[in-house]
$ cat run_33.cif   # mmCIF, C-alpha atoms
data_run
#
loop_
_atom_site.label_atom_id
_atom_site.label_comp_id
_atom_site.auth_asym_id
_atom_site.auth_seq_id
_atom_site.Cartn_x
_atom_site.Cartn_y
_atom_site.Cartn_z
CA MET A 219 -47.01 -71.55 53.27
CA THR A 220 -45.30 -70.65 49.98
CA THR A 221 -43.52 -67.27 49.76
CA PRO A 222 -45.06 -65.20 46.94
CA ARG A 223 -42.91 -65.00 43.80
CA ARG A 224 -41.05 -61.76 43.10
CA PRO A 225 -38.69 -62.16 40.11
CA LEU A 226 -36.05 -59.61 41.14
CA ARG A 227 -35.76 -60.87 44.72
CA ASP A 228 -36.05 -64.52 43.71
CA ASN A 229 -33.15 -64.15 41.24
CA GLY A 230 -31.08 -61.69 43.25
CA LEU A 231 -27.91 -63.80 43.39
CA GLY A 232 -27.85 -64.56 39.67
CA LEU A 233 -28.74 -61.01 38.66
CA ALA A 234 -26.32 -59.29 41.05
CA PHE A 235 -23.38 -61.51 40.15
CA GLY A 236 -24.29 -61.31 36.45
CA ALA A 237 -24.17 -57.52 36.63
CA LEU A 238 -20.93 -57.57 38.66
CA PHE A 239 -19.43 -59.97 36.12
CA LEU A 240 -20.23 -57.63 33.21
CA ALA A 241 -18.97 -54.57 35.09
CA THR A 242 -15.68 -56.20 36.08
CA LEU A 243 -15.18 -57.69 32.61
CA ALA A 244 -15.63 -54.20 31.14
CA GLY A 245 -13.16 -52.83 33.71
CA GLN A 246 -10.66 -55.56 32.81
CA SER A 247 -10.96 -54.67 29.11
CA PHE A 248 -10.11 -51.01 29.71
CA ALA A 249 -7.27 -51.76 32.14
CA GLY A 250 -5.89 -54.41 29.76
CA GLN A 251 -6.02 -52.06 26.78
CA ALA A 252 -4.15 -49.40 28.75
CA GLN A 253 -1.46 -51.91 29.76
CA VAL A 254 -1.00 -53.22 26.21
CA ASN A 255 -0.78 -49.70 24.81
CA ALA A 256 1.81 -48.73 27.41
CA ASP A 257 3.91 -51.72 26.30
CA ARG A 258 3.42 -50.84 22.62
CA LEU A 259 4.49 -47.27 23.27
CA THR A 260 7.84 -48.42 24.66
CA GLU A 261 8.28 -50.63 21.55
CA GLY A 262 7.57 -47.63 19.28
CA LEU A 263 4.36 -49.26 18.02
CA PRO A 264 1.00 -47.51 17.48
CA PRO A 265 -1.73 -48.03 20.11
CA VAL A 266 -4.63 -50.47 19.59
CA SER A 267 -8.28 -49.44 19.85
CA TRP A 268 -10.59 -50.88 22.52
CA LEU A 269 -12.39 -52.96 19.87
CA GLU A 270 -9.10 -54.32 18.55
CA PHE A 271 -8.04 -55.18 22.08
CA VAL A 272 -11.22 -57.01 23.14
CA THR A 273 -11.10 -59.12 19.98
CA SER A 274 -7.41 -59.92 20.49
CA SER A 275 -5.93 -63.14 21.82
CA THR A 276 -4.28 -61.13 24.61
CA PHE A 277 -7.68 -60.27 26.10
CA GLY A 278 -9.04 -63.72 25.22
CA VAL A 279 -6.39 -65.62 27.14
CA ASP A 280 -6.62 -63.32 30.17
CA VAL A 281 -10.36 -64.05 30.35
CA MET A 282 -10.23 -67.77 29.52
CA GLU A 283 -7.41 -68.65 31.90
CA ASN A 284 -9.52 -67.37 34.78
CA TRP A 285 -12.77 -68.94 33.62
CA GLN A 286 -11.21 -72.41 33.26
CA SER A 287 -9.86 -72.38 36.80
CA GLU A 288 -13.16 -71.23 38.29
CA TYR A 289 -15.05 -74.05 36.57
CA LEU A 290 -12.34 -76.53 37.56
CA GLN A 291 -12.79 -75.41 41.14
CA PHE A 292 -16.54 -76.02 41.09
CA PHE A 293 -16.18 -79.26 39.12
CA LEU A 294 -13.69 -80.65 41.65
CA TYR A 295 -15.67 -79.40 44.60
CA VAL A 296 -18.91 -80.92 43.32
CA PHE A 297 -17.20 -84.29 42.83
CA ALA A 298 -14.79 -84.23 45.78
CA THR A 299 -17.53 -83.48 48.30
CA VAL A 300 -19.24 -86.75 47.35
CA TRP A 301 -16.33 -88.65 48.88
CA LEU A 302 -14.38 -86.20 51.05
CA VAL A 303 -15.79 -84.61 54.19
CA GLN A 304 -14.69 -81.96 56.67
CA ARG A 305 -16.09 -82.53 60.15
CA GLY A 306 -17.86 -79.42 61.42
CA SER A 307 -17.90 -77.61 58.06
CA PRO A 308 -21.11 -76.36 56.44
CA GLU A 309 -19.33 -76.99 53.09
CA SER A 310 -19.34 -80.72 53.86
CA LYS A 311 -22.04 -83.29 54.41
CA GLU A 312 -22.04 -85.32 57.60
CA VAL A 313 -19.04 -87.63 57.97
CA ASP A 314 -21.11 -90.84 57.99
CA ARG A 315 -22.77 -90.00 54.65
CA ILE A 316 -19.72 -90.44 52.39
CA GLY A 317 -20.61 -91.66 48.90
CA THR A 318 -23.40 -91.19 46.39
CA GLY A 319 -26.26 -92.10 48.77
CA SER A 320 -29.16 -94.50 48.32
CA ASP A 321 -31.93 -94.05 45.74
CA GLU A 322 -34.26 -93.34 48.63
CA ASP A 323 -32.00 -90.55 49.95
CA GLN A 324 -31.65 -89.12 46.47
CA LEU A 325 -35.35 -89.38 45.53
CA VAL A 326 -34.65 -91.24 42.30
CA GLY A 327 -36.48 -94.02 40.46
CA ARG A 328 -39.45 -95.30 42.43
CA HIS A 329 -38.54 -92.98 45.30
CA ALA A 330 -39.07 -89.89 43.14
CA ARG A 331 -41.78 -87.48 44.27
CA PRO A 332 -44.51 -86.07 42.05
CA ASP A 333 -42.58 -82.78 41.82
CA SER A 334 -39.19 -84.42 41.13
CA PRO A 335 -37.53 -83.66 37.76
CA ARG A 336 -38.74 -86.14 35.11
CA TRP A 337 -35.25 -87.60 34.51
CA ALA A 338 -34.92 -88.37 38.24
CA ALA A 339 -37.89 -90.71 37.98
CA THR A 340 -37.43 -92.38 34.57
CA GLY A 341 -34.44 -94.57 35.49
CA GLY A 342 -31.87 -95.88 32.98
CA TRP A 343 -29.26 -93.64 31.34
CA ARG A 344 -31.36 -90.51 31.77
CA THR A 345 -31.34 -90.80 35.55
CA THR A 346 -27.64 -91.78 35.50
CA VAL A 347 -26.77 -88.67 33.49
CA PHE A 348 -29.12 -86.34 35.38
CA SER A 349 -27.70 -87.61 38.70
CA ARG A 350 -24.29 -86.26 37.61
CA SER A 351 -25.42 -83.36 35.42
CA LEU A 352 -24.08 -80.58 37.64
CA GLY A 353 -20.58 -82.05 37.77
CA LEU A 354 -20.68 -82.97 34.08
CA LEU A 355 -21.67 -79.44 33.09
CA MET A 356 -18.99 -77.87 35.30
CA GLY A 357 -16.40 -80.36 34.02
CA GLY A 358 -17.51 -79.78 30.44
CA ILE A 359 -17.25 -76.01 30.74
CA PHE A 360 -13.86 -76.42 32.42
CA LEU A 361 -12.54 -78.51 29.52
CA ALA A 362 -14.03 -76.13 26.93
CA THR A 363 -12.59 -73.02 28.59
CA TRP A 364 -9.22 -74.70 29.22
CA ALA A 365 -9.09 -75.59 25.52
CA ALA A 366 -10.08 -72.01 24.65
CA SER A 367 -7.37 -70.80 27.06
CA SER A 368 -4.78 -72.95 25.28
CA ILE A 369 -5.81 -71.60 21.87
CA THR A 370 -6.01 -67.93 22.85
CA GLY A 371 -2.81 -68.35 24.89
CA TRP A 372 -1.10 -69.90 21.86
CA ALA A 373 -2.18 -66.97 19.66
CA SER A 374 -1.11 -64.41 22.27
CA PHE A 375 2.23 -66.19 22.83
CA ASN A 376 2.94 -66.25 19.10
CA SER A 377 2.04 -62.59 18.76
CA GLU A 378 4.57 -61.79 21.49
CA GLN A 379 7.13 -64.08 19.86
CA LEU A 380 6.80 -62.14 16.60
CA MET A 381 6.90 -58.79 18.39
CA SER A 382 10.24 -59.81 19.90
CA HIS A 383 11.46 -61.18 16.53
CA GLN A 384 11.27 -64.88 17.38
CA ASP A 385 9.66 -67.80 15.54
CA PRO A 386 6.05 -68.73 16.36
CA VAL A 387 5.35 -72.26 17.69
CA ASP A 388 2.63 -74.77 16.81
CA TRP A 389 -0.20 -75.59 19.24
CA ALA A 390 1.44 -78.76 20.56
CA GLY A 391 4.62 -76.78 21.05
CA TYR A 392 2.72 -74.16 23.03
CA LEU A 393 1.32 -76.84 25.37
CA GLY A 394 4.92 -77.59 26.35
CA GLN A 395 5.77 -73.93 26.96
CA ALA A 396 6.20 -72.50 30.45
CA ASP A 397 3.77 -69.72 29.48
CA PHE A 398 0.84 -72.18 29.22
CA TRP A 399 1.59 -74.01 32.47
CA ASN A 400 2.38 -70.85 34.38
CA ARG A 401 -0.96 -69.34 33.33
CA THR A 402 -2.77 -72.60 34.17
CA LEU A 403 -1.13 -73.44 37.50
CA GLN A 404 -1.10 -69.91 38.90
CA ASN A 405 -4.89 -69.95 38.59
CA TRP A 406 -5.37 -73.51 39.84
CA GLN A 407 -3.33 -73.00 43.00
CA SER A 408 -5.43 -70.04 44.09
CA GLU A 409 -8.67 -71.96 43.54
CA MET A 410 -7.47 -74.95 45.57
CA LEU A 411 -6.34 -72.67 48.38
CA ALA A 412 -9.66 -70.80 48.44
CA VAL A 413 -11.77 -73.97 48.50
CA GLY A 414 -9.68 -75.77 51.10
CA SER A 415 -9.37 -72.80 53.41
CA MET A 416 -13.09 -71.97 53.13
CA ALA A 417 -14.03 -75.53 54.13
CA VAL A 418 -11.79 -75.30 57.21
CA PHE A 419 -12.44 -71.67 58.19
CA ALA A 420 -16.19 -72.33 58.10
CA VAL A 421 -15.74 -74.91 60.88
CA HIS A 422 -14.61 -72.20 63.29
CA LEU A 423 -15.97 -68.91 61.97
CA ARG A 424 -19.52 -67.74 61.25
CA GLN A 425 -21.33 -65.30 58.99
CA ARG A 426 -24.73 -64.71 60.48
CA GLY A 427 -27.50 -65.32 57.94
CA SER A 428 -25.27 -66.81 55.21
CA PRO A 429 -25.96 -70.32 53.88
CA GLU A 430 -22.17 -70.63 53.47
CA SER A 431 -21.89 -70.55 57.26
CA LYS A 432 -23.26 -72.59 60.11
CA PRO A 433 -25.69 -70.90 62.50
CA VAL A 434 -23.71 -68.66 64.84
CA GLY A 435 -24.38 -70.84 67.87
CA ALA A 436 -23.76 -74.20 66.16
CA SER A 437 -21.14 -76.51 67.67
CA GLN A 438 -17.61 -76.29 66.20
CA HIS A 439 -17.09 -79.96 65.32
CA ASP A 440 -20.38 -81.74 65.90
CA ASP A 441 -22.56 -79.81 63.46
CA THR A 442 -21.44 -80.75 59.95
CA GLY A 443 -23.38 -79.72 56.86
CA GLU A 444 -25.62 -77.34 58.75
CA THR A 445 -26.21 -73.97 57.15
CA GLY A 446 -27.64 -70.82 58.61
CA MET B 192 -31.88 -79.96 32.54
CA ASP B 193 -33.10 -77.46 29.95
CA ASP B 194 -31.06 -74.70 31.61
CA ASP B 195 -28.01 -76.96 31.81
CA GLY B 196 -28.35 -77.81 28.14
CA ARG B 197 -28.67 -74.14 27.19
CA ARG B 198 -25.54 -73.23 29.13
CA GLY B 199 -23.65 -76.10 27.51
CA ARG B 200 -24.69 -74.89 24.07
CA VAL B 201 -23.57 -71.33 24.89
CA ALA B 202 -20.14 -72.62 25.98
CA GLY B 203 -19.93 -74.71 22.83
CA VAL B 204 -20.74 -71.76 20.62
CA LEU B 205 -18.14 -69.61 22.43
CA LEU B 206 -15.44 -72.24 21.94
CA ALA B 207 -16.39 -72.78 18.31
CA GLY B 208 -16.17 -69.01 17.82
CA VAL B 209 -12.67 -68.94 19.26
CA LEU B 210 -11.59 -71.91 17.13
CA VAL B 211 -12.94 -70.31 13.96
CA LEU B 212 -11.81 -66.73 14.64
CA VAL B 213 -8.22 -67.32 15.76
CA PRO B 214 -6.89 -68.98 12.60
CA GLY B 215 -9.48 -67.27 10.36
CA CYS B 216 -8.35 -63.71 11.10
CA SER B 217 -4.73 -64.63 10.52
CA SER B 218 -5.07 -66.28 7.12
CA ALA B 219 -7.13 -63.37 5.73
CA GLN B 220 -4.22 -61.00 6.40
CA GLU B 221 -1.52 -63.08 4.73
CA PRO B 222 -1.72 -61.57 1.19
CA ALA B 223 -1.47 -57.99 2.52
CA VAL B 224 1.50 -58.93 4.71
CA ALA B 225 3.28 -60.75 1.88
CA GLU B 226 2.73 -57.79 -0.44
CA VAL B 227 4.54 -55.38 1.91
CA ALA B 228 7.46 -57.77 2.42
CA THR B 229 7.93 -58.44 -1.31
CA ALA B 230 7.66 -54.71 -2.10
CA PHE B 231 10.48 -54.01 0.40
CA ALA B 232 12.63 -56.74 -1.18
CA ASP B 233 11.83 -55.70 -4.75
CA ALA B 234 14.87 -54.07 -6.38
CA GLY B 235 12.53 -51.86 -8.38
CA THR B 236 11.09 -50.17 -5.28
CA THR B 237 12.54 -46.69 -4.71
CA PRO B 238 14.47 -46.04 -1.49
CA ASP B 239 11.85 -43.55 -0.30
CA ALA B 240 9.10 -46.10 -0.89
CA ARG B 241 11.09 -48.76 0.98
CA CYS B 242 11.51 -46.43 3.95
CA ALA B 243 7.76 -45.75 3.90
CA LEU B 244 7.22 -49.49 4.39
CA LEU B 245 9.14 -49.37 7.70
CA VAL B 246 7.47 -48.35 10.97
CA PRO B 247 8.74 -44.85 11.88
CA SER B 248 10.85 -46.07 14.82
CA THR B 249 12.64 -48.60 12.61
CA ALA B 250 13.21 -46.06 9.83
CA ALA B 251 14.59 -43.61 12.40
CA ALA B 252 16.87 -46.26 13.93
CA LEU B 253 18.25 -47.16 10.48
CA ALA B 254 18.99 -43.50 9.70
CA GLU B 255 20.53 -42.85 13.10
CA GLU B 256 22.79 -45.89 12.96
CA ALA B 257 24.09 -44.95 9.48
CA SER B 258 24.22 -41.20 10.25
CA ARG B 259 22.41 -40.65 6.97
CA THR B 260 18.84 -40.37 5.80
CA CYS B 261 16.75 -43.53 5.78
CA ALA B 262 16.54 -43.41 1.97
CA GLU B 263 20.33 -43.35 1.73
CA ALA B 264 20.88 -46.06 4.31
CA VAL B 265 18.18 -48.43 3.06
CA THR B 266 19.96 -48.93 -0.27
CA GLU B 267 22.68 -50.85 1.56
CA VAL B 268 20.32 -53.18 3.36
CA PRO B 269 20.59 -56.67 1.84
CA THR B 270 17.19 -58.11 1.02
CA GLY B 271 15.84 -61.52 0.17
CA THR B 272 15.08 -62.56 -3.32
CA GLY B 273 12.50 -64.68 -4.99
CA PRO B 274 9.15 -65.92 -3.83
CA VAL B 275 7.60 -65.84 -0.39
CA GLU B 276 8.41 -69.10 1.40
CA SER B 277 6.03 -68.67 4.35
CA VAL B 278 3.84 -66.11 6.08
CA ALA B 279 2.83 -66.29 9.75
CA VAL B 280 0.30 -63.81 11.12
CA TRP B 281 -0.59 -63.74 14.83
CA GLY B 282 -2.79 -60.91 16.01
CA GLY B 283 -1.27 -57.66 14.81
CA GLU B 284 2.20 -59.18 14.25
CA ALA B 285 3.59 -61.09 11.29
CA GLN B 286 6.68 -62.84 9.98
CA VAL B 287 7.51 -63.33 6.31
CA ARG B 288 10.24 -65.66 5.08
CA LEU B 289 11.66 -64.91 1.65
CA ALA B 290 14.47 -66.87 0.08
CA GLY B 291 17.48 -65.45 1.93
CA ASP B 292 15.67 -63.07 4.30
CA THR B 293 13.16 -62.96 7.13
CA LEU B 294 11.09 -59.86 7.91
CA PHE B 295 8.85 -58.98 10.87
CA LEU B 296 5.82 -56.72 10.46
CA THR B 297 3.18 -55.06 12.60
CA GLU B 298 -0.29 -53.79 11.78
CA THR B 299 -0.68 -50.01 12.00
CA PRO B 300 -3.54 -47.63 11.16
CA ASP B 301 -1.74 -47.14 7.80
CA GLY B 302 -1.64 -50.89 7.10
CA TRP B 303 1.11 -53.45 7.62
CA GLN B 304 4.59 -52.00 8.17
CA ILE B 305 7.99 -53.61 8.72
CA THR B 306 9.51 -53.59 12.20
CA ALA B 307 12.62 -55.59 11.29
CA ALA B 308 14.25 -56.73 8.06
CA SER B 309 17.35 -58.54 6.89
CA CYS B 310 16.99 -60.95 9.81
CA ARG B 311 18.84 -64.22 10.43
CA ALA B 312 17.86 -66.91 12.93
CA ALA B 313 20.09 -67.01 16.00
CA GLY B 314 19.40 -70.31 17.75
CA GLU B 315 16.85 -70.16 20.57
CA GLY B 316 17.02 -66.38 20.91
CA PRO B 317 15.57 -63.55 18.82
CA TYR B 318 16.59 -63.15 15.18
CA ARG B 319 19.57 -60.90 14.51
CA CYS B 320 18.33 -58.11 12.24
CA ARG B 321 20.27 -55.51 10.28
CA VAL B 322 17.25 -53.23 10.38
CA GLU B 323 15.14 -52.95 13.52
CA GLY B 324 13.83 -50.33 15.92
CA SER B 325 15.69 -49.50 19.08
#
$ encode --input "run_33.cif" --output "C-alpha cells"
Amino acid sequence: MTTPRRPLRDNGLGLAFGALFLATLAGQSFAGQAQVNADRLTEGLPPVSWLEFVTSSTFGVDVMENWQSEYLQFFLYVFATVWLVQRGSPESKEVDRIGTGSDEDQLVGRHARPDSPRWAATGGWRTTVFSRSLGLLMGGIFLATWAASSITGWASFNSEQLMSHQDPVDWAGYLGQADFWNRTLQNWQSEMLAVGSMAVFAVHLRQRGSPESKPVGASQHDDTGETG
Amino acid sequence: MDDDGRRGRVAGVLLAGVLVLVPGCSSAQEPAVAEVATAFADAGTTPDARCALLVPSTAAALAEEASRTCAEAVTEVPTGTGPVESVAVWGGEAQVRLAGDTLFLTETPDGWQITAASCRAAGEGPYRCRVEGS
C-alpha cells in the first residue's frame, strides 16, 4: 500500500536542512561582519556595512572554502563506496559486492523496470552518464566551488596584502601561497575524519530509527549495509 | 536527471557570477583611485587638501611624528611625479604606482583615501612608507 503524499512531510529533510542552511549562512554573515569591523577598527579604518561585507571576497572565500570540501566529501564517498567496504557498517555495502554491479542488479538496459528512469533503459552514453550522474554532479560542484574558493581567496588575500602595504599576487601565484592550501586542507582533513569515523562508529553504535544506523539489535560485524 | 541538471546550472551561474564580479568591481574603481593618488602627488594641491586625502589615522600619525600640524608636515613628504604606472584594486583596498612613489588607499564612506604614501618596496616584507597610520 502506498503512503499518501504530503508535501511538507515528504520533503522534510530537504526543507529542514535548507532552512537551517539559510539561517546559519545569515548568522555567519553577521558574525563575519563583526569580526572584520573589529579588525578594521584596530587598523584605524572605517567599518563596512553588512551589504558590503556579504558582497566581499572575505565572505565569499569563507563560504566557498567550506562548500568545496563538503562536495568533495560526498563526491569521494559516492565513488569510494563503489570499491571500498567496511564490514558491519550501514555506510557500506556488503563485502562481497565490491564494484559497479551487474546490469541486472542495477536495473539498467533490458533489466530496467517500467518505472525506471528513461536514461537507465535507453543504453549507450545516456545510461553510462546517468549511471554516474550523482558522482559527476558532486564532483562537478566540488570543482566549481573549489575554483570559486581559489578566486575569492585570491581576492581576499590581495585585499589583505594591500591593507598591510604589500604587493598583490596573480592567481597562479595565489595557488602557491600557504593561505590557499591552508584553507583547502584544513577543510579536507575534517571531512575525511568525519566520513571515516562515521563508517567505523556505525559498526558498533546505533541510532534507533535512523537510516544512517543499523537496527539496534543487528549484529556488529555480520550485518553490513543494513539500515534501520 | 532534470533536477541534477538544474542544480548544475545553478552552480554554473554562481561560479560565472563570481568570475565576472571579482575583476569587474575592481576595474570600475581604478579611475577614482588613480585620481586621489595623482591629486596627492600634484604639486599644485594645497597642503590642507593633501591632508584631506589621507585617512584620519594616517593624517594624525604624520602630525604626531613631526610634532606639527598635518598641513605643515605634509609639505615635506616626497611624492612621485608623472603618470600613473599601475593601479591595483582588491575589495576596498588599492595600490597606485606613480613614477618614483607607491601609495596605498582604502575605500571610506567619503570615497577613496590614502592610508600610506611615499612608500618603497622592501623585499618580501611590507613597503617602507614615510607616511602611514600607526
$ interface_residues --input "run_33.cif" --of "chain A" --to "chain B" --cutoff "10 Å" --atoms "all atoms listed in the file" --output "PyMOL selection string"
chain A and resi 260-266+270-271+273-276+278+335-337+348+351-352+354-356+358-360+362-367+369-370+372-386
$ residues_around --input "run_33.cif" --residues "Thr270 in chain B" --least-positions-apart "6" --cutoff "7 Å" --atoms "all atoms listed in the file" --output "ChimeraX atom specification"
/B:232,292,309
$ residues_around --input "run_33.cif" --residues "Pro274 in chain B" --least-positions-apart "4" --cutoff "10 Å" --atoms "all atoms listed in the file" --output "PyMOL selection string"
chain B and resi 225+229+288-290
$ atom_distance --input "run_33.cif" --atom1 "CA of Tyr289 in chain A" --atom2 "CA of Leu243 in chain A"
16.8 Å
$ resolve_selection --input "run_33.cif" --expression "the PyMOL selection byres ((chain A and resi 391-404) around 7)" --output "PyMOL selection string"
chain A and resi 283+368+371-372+387-390+405-408
$ residues_near_point --input "run_33.cif" --point "(-15.3, -61.5, 29.1)" --cutoff "9 Å" --atoms "only C-alpha atoms" --output "number ranges by chain"
A: 239-240, 242-244, 246-247, 272, 277-278, 280-282
$ resolve_selection --input "run_33.cif" --expression "the PyMOL selection byres ((chain B and resi 243) around 12)" --output "list of chain:residue names"
B:Val227, B:Ala230, B:Phe231, B:Thr236, B:Thr237, B:Pro238, B:Asp239, B:Ala240, B:Arg241, B:Cys242, B:Leu244, B:Leu245, B:Val246, B:Pro247, B:Ser248, B:Thr249, B:Ala250, B:Ala251, B:Cys261, B:Ala262, B:Val265, B:Asp301, B:Gly302, B:Trp303, B:Gln304, B:Ile305, B:Thr306
$ write_last_selection --input "run_33.cif" --atoms "C-alpha atoms" --output "PDB file, in the frame of the given file"
ATOM      1  CA  VAL B 227       4.540 -55.380   1.910  1.00  0.00           C
ATOM      2  CA  ALA B 230       7.660 -54.710  -2.100  1.00  0.00           C
ATOM      3  CA  PHE B 231      10.480 -54.010   0.400  1.00  0.00           C
ATOM      4  CA  THR B 236      11.090 -50.170  -5.280  1.00  0.00           C
ATOM      5  CA  THR B 237      12.540 -46.690  -4.710  1.00  0.00           C
ATOM      6  CA  PRO B 238      14.470 -46.040  -1.490  1.00  0.00           C
ATOM      7  CA  ASP B 239      11.850 -43.550  -0.300  1.00  0.00           C
ATOM      8  CA  ALA B 240       9.100 -46.100  -0.890  1.00  0.00           C
ATOM      9  CA  ARG B 241      11.090 -48.760   0.980  1.00  0.00           C
ATOM     10  CA  CYS B 242      11.510 -46.430   3.950  1.00  0.00           C
ATOM     11  CA  LEU B 244       7.220 -49.490   4.390  1.00  0.00           C
ATOM     12  CA  LEU B 245       9.140 -49.370   7.700  1.00  0.00           C
ATOM     13  CA  VAL B 246       7.470 -48.350  10.970  1.00  0.00           C
ATOM     14  CA  PRO B 247       8.740 -44.850  11.880  1.00  0.00           C
ATOM     15  CA  SER B 248      10.850 -46.070  14.820  1.00  0.00           C
ATOM     16  CA  THR B 249      12.640 -48.600  12.610  1.00  0.00           C
ATOM     17  CA  ALA B 250      13.210 -46.060   9.830  1.00  0.00           C
ATOM     18  CA  ALA B 251      14.590 -43.610  12.400  1.00  0.00           C
ATOM     19  CA  CYS B 261      16.750 -43.530   5.780  1.00  0.00           C
ATOM     20  CA  ALA B 262      16.540 -43.410   1.970  1.00  0.00           C
ATOM     21  CA  VAL B 265      18.180 -48.430   3.060  1.00  0.00           C
ATOM     22  CA  ASP B 301      -1.740 -47.140   7.800  1.00  0.00           C
ATOM     23  CA  GLY B 302      -1.640 -50.890   7.100  1.00  0.00           C
ATOM     24  CA  TRP B 303       1.110 -53.450   7.620  1.00  0.00           C
ATOM     25  CA  GLN B 304       4.590 -52.000   8.170  1.00  0.00           C
ATOM     26  CA  ILE B 305       7.990 -53.610   8.720  1.00  0.00           C
ATOM     27  CA  THR B 306       9.510 -53.590  12.200  1.00  0.00           C
TER      28      THR B 306
END
$ closest_residue --input "run_33.cif" --among "A:Gly353, A:Pro308, A:Gly341, A:Gly414" --to "Ala436 in chain A" --atoms "all atoms listed in the file"
A:Pro308
$ resolve_selection --input "run_33.cif" --expression "the PyMOL selection byres ((chain A and resi 422-435) around 9)" --output "list in words"
Gly306, Ser307, Pro308, Glu309, Val418, Phe419, Ala420, Val421, Ala436, Ser437, Gln438, His439, Asp441, Thr442, Gly443, Glu444, Thr445 and Gly446 of chain A
$ atom_distance --input "run_33.cif" --atom1 "CA of Glu267 in chain B" --atom2 "CA of Arg321 in chain B"
10.2 Å
$ atom_distance --input "run_33.cif" --atom1 "CA of Arg305 in chain A" --atom2 "CA of Val326 in chain A"
27.2 Å
$ residues_around --input "run_33.cif" --residues "Ile316 in chain A" --least-positions-apart "4" --cutoff "12 Å" --atoms "only C-alpha atoms" --output "PyMOL selection string"
chain A and resi 297-305+310-312+320
$ axis_aligned_box --input "run_33.cif" --around "range 290-304 of chain B" --padding-each-side "8 Å" --output "JSON"
{"center_x": 7.0, "center_y": -57.0, "center_z": 6.3, "size_x": 37.0, "size_y": 35.7, "size_z": 28.5}
$ build_atoms --input "run_33.cif" --residues "range 314-325 of chain B" --atoms "N, CA, C and O atoms" --output "mmCIF file, keeping the file's coordinate frame"
data_model
loop_
_atom_site.group_PDB
_atom_site.id
_atom_site.type_symbol
_atom_site.label_atom_id
_atom_site.label_comp_id
_atom_site.auth_asym_id
_atom_site.auth_seq_id
_atom_site.Cartn_x
_atom_site.Cartn_y
_atom_site.Cartn_z
ATOM 1 N N GLY B 314 19.648 -69.265 16.753
ATOM 2 C CA GLY B 314 19.400 -70.310 17.750
ATOM 3 C C GLY B 314 18.072 -70.108 18.449
ATOM 4 O O GLY B 314 17.070 -69.809 17.815
ATOM 5 N N GLU B 315 18.088 -70.264 19.779
ATOM 6 C CA GLU B 315 16.850 -70.160 20.570
ATOM 7 C C GLU B 315 16.401 -68.710 20.762
ATOM 8 O O GLU B 315 15.241 -68.449 21.044
ATOM 9 N N GLY B 316 17.327 -67.780 20.608
ATOM 10 C CA GLY B 316 17.020 -66.380 20.910
ATOM 11 C C GLY B 316 16.362 -65.659 19.740
ATOM 12 O O GLY B 316 16.024 -66.267 18.718
ATOM 13 N N PRO B 317 16.167 -64.334 19.901
ATOM 14 C CA PRO B 317 15.570 -63.550 18.820
ATOM 15 C C PRO B 317 16.452 -63.547 17.573
ATOM 16 O O PRO B 317 17.671 -63.736 17.663
ATOM 17 N N TYR B 318 15.833 -63.286 16.425
ATOM 18 C CA TYR B 318 16.590 -63.150 15.180
ATOM 19 C C TYR B 318 17.537 -61.958 15.294
ATOM 20 O O TYR B 318 17.234 -60.980 15.988
ATOM 21 N N ARG B 319 18.671 -62.059 14.594
ATOM 22 C CA ARG B 319 19.570 -60.900 14.510
ATOM 23 C C ARG B 319 19.187 -60.146 13.235
ATOM 24 O O ARG B 319 19.213 -60.737 12.147
ATOM 25 N N CYS B 320 18.850 -58.872 13.378
ATOM 26 C CA CYS B 320 18.330 -58.110 12.240
ATOM 27 C C CYS B 320 19.209 -56.896 11.956
ATOM 28 O O CYS B 320 19.588 -56.161 12.875
ATOM 29 N N ARG B 321 19.502 -56.701 10.676
ATOM 30 C CA ARG B 321 20.270 -55.510 10.280
ATOM 31 C C ARG B 321 19.433 -54.247 10.456
ATOM 32 O O ARG B 321 19.972 -53.166 10.739
ATOM 33 N N VAL B 322 18.154 -54.378 10.263
ATOM 34 C CA VAL B 322 17.250 -53.230 10.380
ATOM 35 C C VAL B 322 16.202 -53.542 11.436
ATOM 36 O O VAL B 322 15.419 -54.479 11.277
ATOM 37 N N GLU B 323 16.194 -52.800 12.515
ATOM 38 C CA GLU B 323 15.140 -52.950 13.520
ATOM 39 C C GLU B 323 15.106 -51.721 14.414
ATOM 40 O O GLU B 323 16.098 -51.009 14.519
ATOM 41 N N GLY B 324 13.970 -51.485 15.041
ATOM 42 C CA GLY B 324 13.830 -50.330 15.920
ATOM 43 C C GLY B 324 14.655 -50.508 17.170
ATOM 44 O O GLY B 324 15.082 -51.618 17.498
ATOM 45 N N SER B 325 14.886 -49.419 17.858
ATOM 46 C CA SER B 325 15.690 -49.500 19.080
ATOM 47 C C SER B 325 14.815 -49.950 20.238
ATOM 48 O O SER B 325 13.610 -49.834 20.191
#
